[in-house]
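Peer 1: Just one file: entry_6.txt, with compact mmCIF, C-alpha atoms (C1' of nucleotides).
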# COMPACT_ATOMS: atom_id res chain seq x y z
CA MET A 1 109.88 82.97 117.67
CA THR A 2 106.14 83.22 117.44
CA THR A 3 103.71 82.24 120.15
CA ILE A 4 100.53 80.66 118.89
CA PRO A 5 97.58 81.44 121.16
CA ARG A 6 96.06 78.23 122.43
CA ALA A 7 92.34 77.71 121.93
CA GLY A 8 90.45 79.04 124.94
CA SER A 9 86.97 78.09 126.05
CA ALA A 10 85.36 80.90 124.05
CA PHE A 11 86.76 79.46 120.85
CA LEU A 12 85.77 75.93 121.84
CA LEU A 13 82.24 77.13 122.59
CA ALA A 14 81.98 78.84 119.20
CA GLN A 15 83.46 75.83 117.43
CA ILE A 16 81.31 73.22 119.15
CA GLY A 17 78.29 75.50 118.91
CA ALA A 18 78.60 75.83 115.15
CA HIS A 19 79.11 72.09 114.87
CA ALA A 20 76.05 71.44 117.03
CA ALA A 21 73.94 73.81 114.96
CA ALA A 22 75.01 72.12 111.73
CA ARG A 23 74.26 68.64 113.06
CA TYR A 24 70.88 69.81 114.37
CA ALA A 25 70.07 71.30 110.95
CA GLU A 26 70.78 67.92 109.37
CA ARG A 27 68.50 66.15 111.79
CA VAL A 28 65.52 68.46 111.44
CA ALA A 29 65.97 68.43 107.66
CA ALA A 30 64.64 64.87 107.92
CA LEU A 31 61.39 66.47 109.11
CA ASP A 32 61.64 68.92 106.20
CA LEU A 33 62.24 71.76 108.62
CA THR A 34 64.98 74.32 109.18
CA PRO A 35 66.29 75.32 112.62
CA PRO A 36 64.58 78.75 112.53
CA GLN A 37 61.29 77.01 111.74
CA THR A 38 61.66 74.72 114.74
CA GLY A 39 62.50 77.76 116.87
CA LEU A 40 59.34 79.49 115.76
CA LEU A 41 57.15 76.46 116.40
CA ARG A 42 58.62 76.23 119.86
CA ALA A 43 58.15 79.94 120.55
CA VAL A 44 54.50 79.74 119.51
CA ALA A 45 53.96 76.70 121.73
CA VAL A 46 55.51 78.42 124.73
CA GLU A 47 53.06 81.30 124.49
CA PRO A 48 50.27 80.81 121.96
CA GLY A 49 48.42 83.78 120.57
CA ARG A 50 51.23 86.27 120.29
CA SER A 51 51.26 88.67 117.35
CA GLN A 52 53.82 88.37 114.59
CA GLN A 53 55.32 91.67 115.66
CA ALA A 54 55.76 90.43 119.23
CA LEU A 55 57.34 87.20 118.02
CA ALA A 56 59.69 88.98 115.65
CA THR A 57 60.91 91.13 118.52
CA HIS A 58 61.22 88.14 120.81
CA LEU A 59 63.20 86.13 118.27
CA GLY A 60 65.32 89.11 117.25
CA MET A 61 64.49 89.08 113.57
CA PRO A 62 62.86 91.59 111.20
CA ALA A 63 59.11 91.21 110.81
CA SER A 64 59.52 90.69 107.08
CA ARG A 65 61.55 87.57 107.77
CA LEU A 66 59.03 86.22 110.24
CA VAL A 67 56.28 86.58 107.65
CA ALA A 68 58.09 84.26 105.26
CA LEU A 69 58.72 81.80 108.09
CA VAL A 70 55.06 81.81 109.11
CA ASP A 71 53.96 81.48 105.48
CA GLY A 72 55.93 78.28 105.05
CA LEU A 73 54.59 76.70 108.22
CA ALA A 74 51.02 77.86 107.63
CA ASP A 75 51.08 76.40 104.12
CA ARG A 76 51.88 73.07 105.70
CA ASP A 77 49.14 73.44 108.32
CA LEU A 78 51.55 73.41 111.22
CA LEU A 79 50.69 76.94 112.27
CA GLU A 80 47.67 79.17 111.84
CA ARG A 81 47.00 82.89 111.89
CA ARG A 82 43.89 83.94 113.78
CA ARG A 83 42.53 87.41 113.27
CA ASN A 84 41.72 89.33 116.41
CA PRO A 85 38.14 90.72 116.11
CA ASP A 86 38.98 93.60 118.46
CA ASP A 87 41.98 94.75 116.43
CA ARG A 88 41.91 93.34 112.96
CA ARG A 89 45.52 94.33 112.32
CA LEU A 90 46.74 91.60 114.65
CA HIS A 91 47.39 88.03 113.59
CA ALA A 92 47.59 85.79 116.63
CA LEU A 93 49.67 82.68 115.99
CA HIS A 94 48.68 79.22 117.18
CA LEU A 95 49.89 75.69 116.52
CA THR A 96 47.53 73.36 114.74
CA ASP A 97 47.14 69.75 115.91
CA ALA A 98 49.64 68.77 113.24
CA GLY A 99 51.92 71.47 114.60
CA GLU A 100 51.70 70.02 118.10
CA ALA A 101 52.51 66.59 116.73
CA MET A 102 55.44 67.99 114.81
CA LEU A 103 56.73 69.70 117.93
CA SER A 104 56.94 66.42 119.79
CA ARG A 105 58.79 64.84 116.89
CA ILE A 106 61.19 67.80 117.07
CA GLY A 107 61.58 67.12 120.78
CA ARG A 108 62.63 63.53 120.11
CA VAL A 109 65.08 64.66 117.43
CA ALA A 110 66.56 67.26 119.77
CA HIS A 111 66.99 64.66 122.48
CA ALA A 112 68.83 62.27 120.16
CA HIS A 113 70.97 65.17 118.99
CA ASP A 114 71.84 66.08 122.54
CA ASP A 115 72.78 62.52 123.32
CA ALA A 116 75.05 62.20 120.29
CA LEU A 117 76.78 65.51 120.93
CA LEU A 118 77.55 64.65 124.56
CA ALA A 119 78.57 61.06 123.87
CA ALA A 120 82.01 61.67 125.37
CA LEU A 121 80.61 62.57 128.79
CA ASP A 122 79.02 60.46 131.51
CA ASP A 123 75.82 61.51 133.28
CA THR A 124 77.56 63.38 136.08
CA GLU A 125 79.71 65.29 133.63
CA ARG A 126 76.69 66.13 131.50
CA ALA A 127 74.93 67.56 134.52
CA THR A 128 78.01 69.62 135.40
CA LEU A 129 78.28 70.94 131.86
CA HIS A 130 74.60 71.85 131.74
CA ARG A 131 74.87 73.75 134.98
CA LEU A 132 77.93 75.72 133.86
CA LEU A 133 76.40 76.53 130.47
CA THR A 134 73.18 77.72 132.08
CA ARG A 135 75.15 80.05 134.34
CA ILE A 136 77.02 81.50 131.35
CA ALA A 137 73.86 81.95 129.26
CA ASP A 138 72.18 83.67 132.16
CA ASP A 139 75.14 85.93 132.88
CA GLN A 140 75.43 86.90 129.22
CA GLY A 141 71.78 87.90 129.09
CA LEU A 142 70.76 85.33 126.50
CA THR A 143 67.03 84.82 126.09
CA PRO A 144 66.06 81.21 126.89
CA GLY A 145 65.16 79.28 123.77
CA VAL A 146 66.27 81.99 121.37
CA HIS A 147 69.22 81.25 119.14
CA PRO A 148 71.07 84.43 118.08
CA GLY A 149 72.12 82.67 114.92
CA TYR A 150 68.65 81.97 113.57
CA ARG A 151 69.92 83.33 110.31
CA GLN A 152 70.42 81.57 107.02
CA VAL A 153 68.61 78.31 106.23
CA MET B 1 48.23 69.79 127.08
CA THR B 2 51.46 70.50 125.29
CA THR B 3 54.89 69.69 126.63
CA ILE B 4 57.56 72.22 125.75
CA PRO B 5 60.97 70.58 125.40
CA ARG B 6 63.42 72.16 127.81
CA ALA B 7 66.67 73.51 126.42
CA GLY B 8 69.32 70.79 126.54
CA SER B 9 73.06 71.28 126.49
CA ALA B 10 73.24 71.02 122.71
CA PHE B 11 70.98 74.03 122.36
CA LEU B 12 72.88 75.94 125.03
CA LEU B 13 76.13 75.19 123.24
CA ALA B 14 74.75 76.44 119.93
CA GLN B 15 73.24 79.50 121.58
CA ILE B 16 76.31 80.47 123.59
CA GLY B 17 78.55 79.58 120.66
CA ALA B 18 76.73 81.95 118.31
CA HIS B 19 76.81 84.64 120.97
CA ALA B 20 80.54 84.11 121.52
CA ALA B 21 81.21 84.28 117.78
CA ALA B 22 79.27 87.54 117.48
CA ARG B 23 81.07 89.14 120.42
CA TYR B 24 84.43 88.00 119.04
CA ALA B 25 83.57 89.50 115.65
CA GLU B 26 82.88 92.82 117.36
CA ARG B 27 86.20 92.74 119.16
CA VAL B 28 88.35 91.92 116.15
CA ALA B 29 86.46 94.51 114.10
CA ALA B 30 88.38 97.03 116.22
CA LEU B 31 91.52 95.67 114.54
CA ASP B 32 89.73 95.98 111.20
CA LEU B 33 89.65 92.20 110.87
CA THR B 34 86.95 89.56 110.47
CA PRO B 35 86.95 86.23 112.33
CA PRO B 36 87.88 84.22 109.21
CA GLN B 37 90.83 86.55 108.65
CA THR B 38 92.07 85.96 112.19
CA GLY B 39 91.63 82.23 111.67
CA LEU B 40 93.75 82.35 108.55
CA LEU B 41 96.50 84.38 110.21
CA ARG B 42 96.57 81.87 113.01
CA ALA B 43 96.63 78.89 110.63
CA VAL B 44 99.56 80.39 108.73
CA ALA B 45 101.43 81.03 111.97
CA VAL B 46 100.91 77.46 113.15
CA GLU B 47 102.55 76.06 110.05
CA PRO B 48 104.17 78.67 107.80
CA GLY B 49 104.82 77.92 104.16
CA ARG B 50 101.73 75.92 103.34
CA SER B 51 100.16 76.33 99.91
CA GLN B 52 96.81 78.02 99.48
CA GLN B 53 95.33 74.72 98.36
CA ALA B 54 96.53 73.00 101.54
CA LEU B 55 95.16 75.79 103.69
CA ALA B 56 91.81 75.82 101.93
CA THR B 57 91.46 72.10 102.61
CA HIS B 58 92.58 72.51 106.21
CA LEU B 59 90.13 75.33 106.86
CA GLY B 60 87.31 73.62 104.98
CA MET B 61 86.65 76.36 102.47
CA PRO B 62 86.79 76.57 98.67
CA ALA B 63 90.10 77.78 97.26
CA SER B 64 88.34 80.70 95.58
CA ARG B 65 87.28 81.99 98.97
CA LEU B 66 90.74 81.64 100.41
CA VAL B 67 92.18 83.69 97.56
CA ALA B 68 89.98 86.66 98.46
CA LEU B 69 90.93 86.26 102.12
CA VAL B 70 94.65 86.18 101.30
CA ASP B 71 94.27 89.15 98.95
CA GLY B 72 92.86 91.32 101.71
CA LEU B 73 95.58 90.40 104.19
CA ALA B 74 98.39 90.66 101.64
CA ASP B 75 97.20 94.12 100.60
CA ARG B 76 97.66 95.17 104.20
CA ASP B 77 101.10 93.55 104.42
CA LEU B 78 100.07 91.12 107.12
CA LEU B 79 100.65 88.09 104.90
CA GLU B 80 102.85 87.38 101.91
CA ARG B 81 102.85 84.89 99.06
CA ARG B 82 106.23 83.38 98.24
CA ARG B 83 106.66 81.55 94.97
CA ASN B 84 108.31 78.17 95.18
CA PRO B 85 111.19 78.07 92.66
CA ASP B 86 110.86 74.29 92.34
CA ASP B 87 107.18 74.42 91.44
CA ARG B 88 106.15 77.84 90.37
CA ARG B 89 102.47 76.98 90.67
CA LEU B 90 102.70 76.99 94.46
CA HIS B 91 102.30 80.06 96.63
CA ALA B 92 103.68 79.44 100.08
CA LEU B 93 102.06 81.69 102.70
CA HIS B 94 104.01 83.42 105.44
CA LEU B 95 103.24 86.10 108.00
CA THR B 96 105.09 89.38 107.68
CA ASP B 97 106.51 91.12 110.75
CA ALA B 98 103.37 93.23 110.82
CA GLY B 99 101.38 90.00 110.61
CA GLU B 100 103.19 88.59 113.62
CA ALA B 101 102.53 91.78 115.54
CA MET B 102 98.87 91.66 114.56
CA LEU B 103 98.63 88.06 115.70
CA SER B 104 99.73 88.96 119.19
CA ARG B 105 97.19 91.77 119.30
CA ILE B 106 94.60 89.18 118.26
CA GLY B 107 95.81 86.98 121.11
CA ARG B 108 95.21 89.73 123.62
CA VAL B 109 91.76 90.41 122.20
CA ALA B 110 90.89 86.72 122.35
CA HIS B 111 92.03 86.55 125.96
CA ALA B 112 89.86 89.50 126.97
CA HIS B 113 86.96 87.95 125.07
CA ASP B 114 87.42 84.66 126.90
CA ASP B 115 87.50 86.42 130.22
CA ALA B 116 84.31 88.38 129.53
CA LEU B 117 82.43 85.34 128.28
CA LEU B 118 83.31 83.26 131.33
CA ALA B 119 82.74 86.02 133.84
CA ALA B 120 80.13 83.97 135.66
CA LEU B 121 82.58 81.18 136.52
CA ASP B 122 85.46 81.02 138.97
CA ASP B 123 88.86 79.60 138.03
CA THR B 124 88.07 76.04 139.06
CA GLU B 125 84.83 76.06 137.11
CA ARG B 126 86.57 77.50 134.07
CA ALA B 127 89.10 74.69 134.16
CA THR B 128 86.31 72.12 134.45
CA LEU B 129 84.45 73.64 131.53
CA HIS B 130 87.56 73.75 129.36
CA ARG B 131 88.27 70.10 130.06
CA LEU B 132 84.71 69.00 129.22
CA LEU B 133 84.62 71.09 126.03
CA THR B 134 87.96 69.71 124.88
CA ARG B 135 86.66 66.17 125.35
CA ILE B 136 83.54 66.94 123.30
CA ALA B 137 85.49 68.65 120.51
CA ASP B 138 87.86 65.71 120.35
CA ASP B 139 85.07 63.14 120.37
CA GLN B 140 83.20 64.98 117.63
CA GLY B 141 86.26 65.01 115.41
CA LEU B 142 86.62 68.78 115.28
CA THR B 143 89.92 70.09 113.93
CA PRO B 144 91.73 72.18 116.58
CA GLY B 145 91.66 75.86 115.71
CA VAL B 146 89.25 75.49 112.82
CA HIS B 147 85.83 77.05 113.17
CA PRO B 148 83.20 75.28 111.03
CA GLY B 149 81.32 78.54 110.79
CA TYR B 150 84.07 80.57 109.14
CA ARG B 151 81.43 81.69 106.73
CA GLN B 152 80.02 85.14 106.12
CA VAL B 153 81.81 88.30 107.30
C1' DT C 1 49.16 109.85 112.33
C1' DA C 2 50.71 105.33 114.19
C1' DT C 3 50.95 100.39 113.94
C1' DT C 4 50.51 95.50 111.93
C1' DG C 5 51.41 92.83 108.42
C1' DT C 6 53.09 92.24 103.57
C1' DT C 7 55.67 92.79 99.37
C1' DA C 8 59.54 94.49 96.57
C1' DT C 9 64.12 95.95 95.92
C1' DA C 10 68.80 96.00 96.45
C1' DC C 11 72.77 94.13 98.59
C1' DT C 12 76.03 90.82 100.55
C1' DC C 13 78.02 86.71 100.49
C1' DT C 14 78.94 82.26 98.64
C1' DA C 15 79.93 78.26 95.80
C1' DT C 16 80.46 76.59 91.03
C1' DA C 17 82.79 76.56 87.34
C1' DA C 18 85.47 78.63 83.65
C1' DC C 19 90.17 80.19 82.80
C1' DT C 20 95.51 80.78 83.05
C1' DA C 21 99.97 79.19 84.33
C1' DT C 22 102.82 75.77 85.33
C1' DA C 23 103.99 70.98 85.60
C1' DT D 1 96.56 65.66 81.08
C1' DA D 2 96.61 67.26 85.88
C1' DT D 3 97.13 70.69 89.48
C1' DA D 4 97.62 75.60 91.81
C1' DG D 5 95.80 79.69 91.68
C1' DT D 6 92.56 83.21 89.93
C1' DT D 7 88.48 85.41 88.08
C1' DA D 8 83.59 85.55 86.68
C1' DT D 9 78.97 84.30 87.10
C1' DA D 10 74.96 83.09 89.07
C1' DG D 11 72.25 81.89 93.07
C1' DA D 12 70.63 82.02 97.91
C1' DG D 13 69.41 84.64 101.66
C1' DT D 14 68.96 88.95 104.04
C1' DA D 15 67.66 93.59 105.64
C1' DT D 16 65.73 98.03 104.25
C1' DA D 17 62.23 100.31 102.95
C1' DA D 18 57.99 101.06 100.40
C1' DC D 19 53.08 99.76 100.68
C1' DA D 20 48.17 98.42 102.28
C1' DA D 21 44.98 97.81 105.83
C1' DT D 22 43.34 98.99 110.18
C1' DA D 23 43.26 101.75 114.21
Spell out the structure here as structure tokens.
Peer 2:
Amino acid sequence: MTTIPRAGSAFLLAQIGAHAAARYAERVAALDLTPPQTGLLRAVAVEPGRSQQALATHLGMPASRLVALVDGLADRDLLERRRNPDDRRLHALHLTDAGEAMLSRIGRVAHAHDDALLAALDDTERATLHRLLTRIADDQGLTPGVHPGYRQV
Amino acid sequence: MTTIPRAGSAFLLAQIGAHAAARYAERVAALDLTPPQTGLLRAVAVEPGRSQQALATHLGMPASRLVALVDGLADRDLLERRRNPDDRRLHALHLTDAGEAMLSRIGRVAHAHDDALLAALDDTERATLHRLLTRIADDQGLTPGVHPGYRQV
DNA sequence: TATTGTTATACTCTATAACTATA
DNA sequence: TATAGTTATAGAGTATAACAATA
């Protein structure tokens, strides 16, 4: 007789995580954005003025991919490249006013997403979950705000 | 002044989930398997004899993709197709003895993976987390054992 | 010569849809 | 005509690496 391994927490985390990412992608699509784009906007807001190279390293993606991401957001005036007069190779990234406005819309979307995903839990349980997840993320060496799966779409 | 939205639980779940999936992929690569392959082996074990069509629907993937998956596992004698004499269009899927043996190796790998991912938590906390995650997965209508991100690799 | 940013190429993976066989 | 399974094609998305500008 065969024993079927029961789903452990690691599987549940991967399963719920993929579900959460897909639902989030749907929500930000209403803003005509993809999850990696929202991640980049957020990263720029956290520390304006970083170079594309620095951001690519921070986000864990090849520079060539970041260029395409920046292109799309710059075309829509959400982000701008500013040349550094001291070292003209560097392009410092900054949010535009429209970019700031977009970021707060993203914040509202993320909040609604959070609320829908955790609908099954009451406030105390949500706080407990958040605390446990933070401990795991910290222990696993995950960079705050950086999604390892900022690939595709 | 700009307000940076703090990472909520939905983001943490997506982040940790992607991390967990990547670490799991590394572990099963040692068995020369991909995560979708392990998912298929498990699904066959749970209910042997299902048709490829039924399994494709269950796992949420196109039949053409399942065929390639089955091909790879059948070539390695982990899985076998059995023709149904009553309806020769149907290919019932069953694990071979080697497939059963592989599944228990997968179980051990998954257990070690679980343990490493939850290293930051004690037993009581792990139980609490598992209970909360199960409630969320259930509330969100996720099919037990089926990873929505059984794509790529 | 080294580094930033950019562009081009080649590859991997996937879904769509055509096709074959059985019913 | 409809369904199970299979194969072929075409498209999306990526990383690698070549390239241009600046240091």
Peer 1: What residues in chain D have any atom no more than 8 Å from chain A when counting all atoms listed in the file, and can you write them as a PyMOL selection string?
Peer 2: chain D and resi 13+15+21-23
Peer 1: Could you write out that same residue set with C-alpha atoms (C1' of nucleotides) as a compact mmCIF listing (two decimals), in the coordinates of the input?
Peer 2:
# COMPACT_ATOMS: atom_id res chain seq x y z
C1' DG D 13 69.41 84.64 101.66
C1' DA D 15 67.66 93.59 105.64
C1' DA D 21 44.98 97.81 105.83
C1' DT D 22 43.34 98.99 110.18
C1' DA D 23 43.26 101.75 114.21
Peer 1: I need the chain A residues near chain B as a list of chain:residue names; criterion: at most 6 Å, counting only C-alpha atoms.
Peer 2: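 Per the criterion, chain A yields A:Pro5, A:Ser9, A:Ala10, A:Leu13, A:Ala14, A:Gln15, A:Gly17, A:Ala18, A:Ala20, A:Ala21, A:Gly107, A:Asp114, A:Ala120, A:His130, A:Ile136, A:His147, A:Gly149.
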Peer 1: Have a look at atom CA of Ser51 of chain B and atom CA of Leu33 of chain B and let me know their distance in Å, one decimal.
Peer 2: 22.0 Å
Peer 1: Quick one: of B:Gly99, B:Gly39, B:Pro85, B:Pro48, who's nearest to chain C, counting all atoms listed in the file?
Peer 2: B:Pro85
Peer 1: One number please: atom CA of Ala92 of chain B to atom CA of Val28 of chain B, in Å, one decimal.
Peer 2: 25.5 Å
Peer 1: At a cut-off of 9 Å, which residues of chain C touch chain A? Count only C-alpha atoms (C1' of nucleotides) and give the answer as a list of chain:residue names.
Peer 2: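 My answer is C:DT3, C:DT4, C:DG5, C:DT6, C:DT7.
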Peer 1: Can you measure atom CA of Ala30 of chain A to atom CA of Val109 of chain A for me? One decimal in Å is fine.
Peer 2: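 Between atom CA of Ala30 of chain A and atom CA of Val109 of chain A the gap works out to 9.5 Å.
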Peer 1: With all atoms listed in the file as the basis for distance, which of B:Leu59, B:Val70, B:Ala25, B:Leu40 is at the shortest distance from DG5 of chain D?
Peer 2: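 Closest to DG5 of chain D, using all atoms listed in the file: B:Val70.
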Peer 1: I need every residue sitting at most 12 Å from the point (78.4, 85.8, 86.4) (coordinates as in the file, all atoms listed in the file considered), written as number ranges by chain.
Peer 2: C: 16-18; D: 7-11
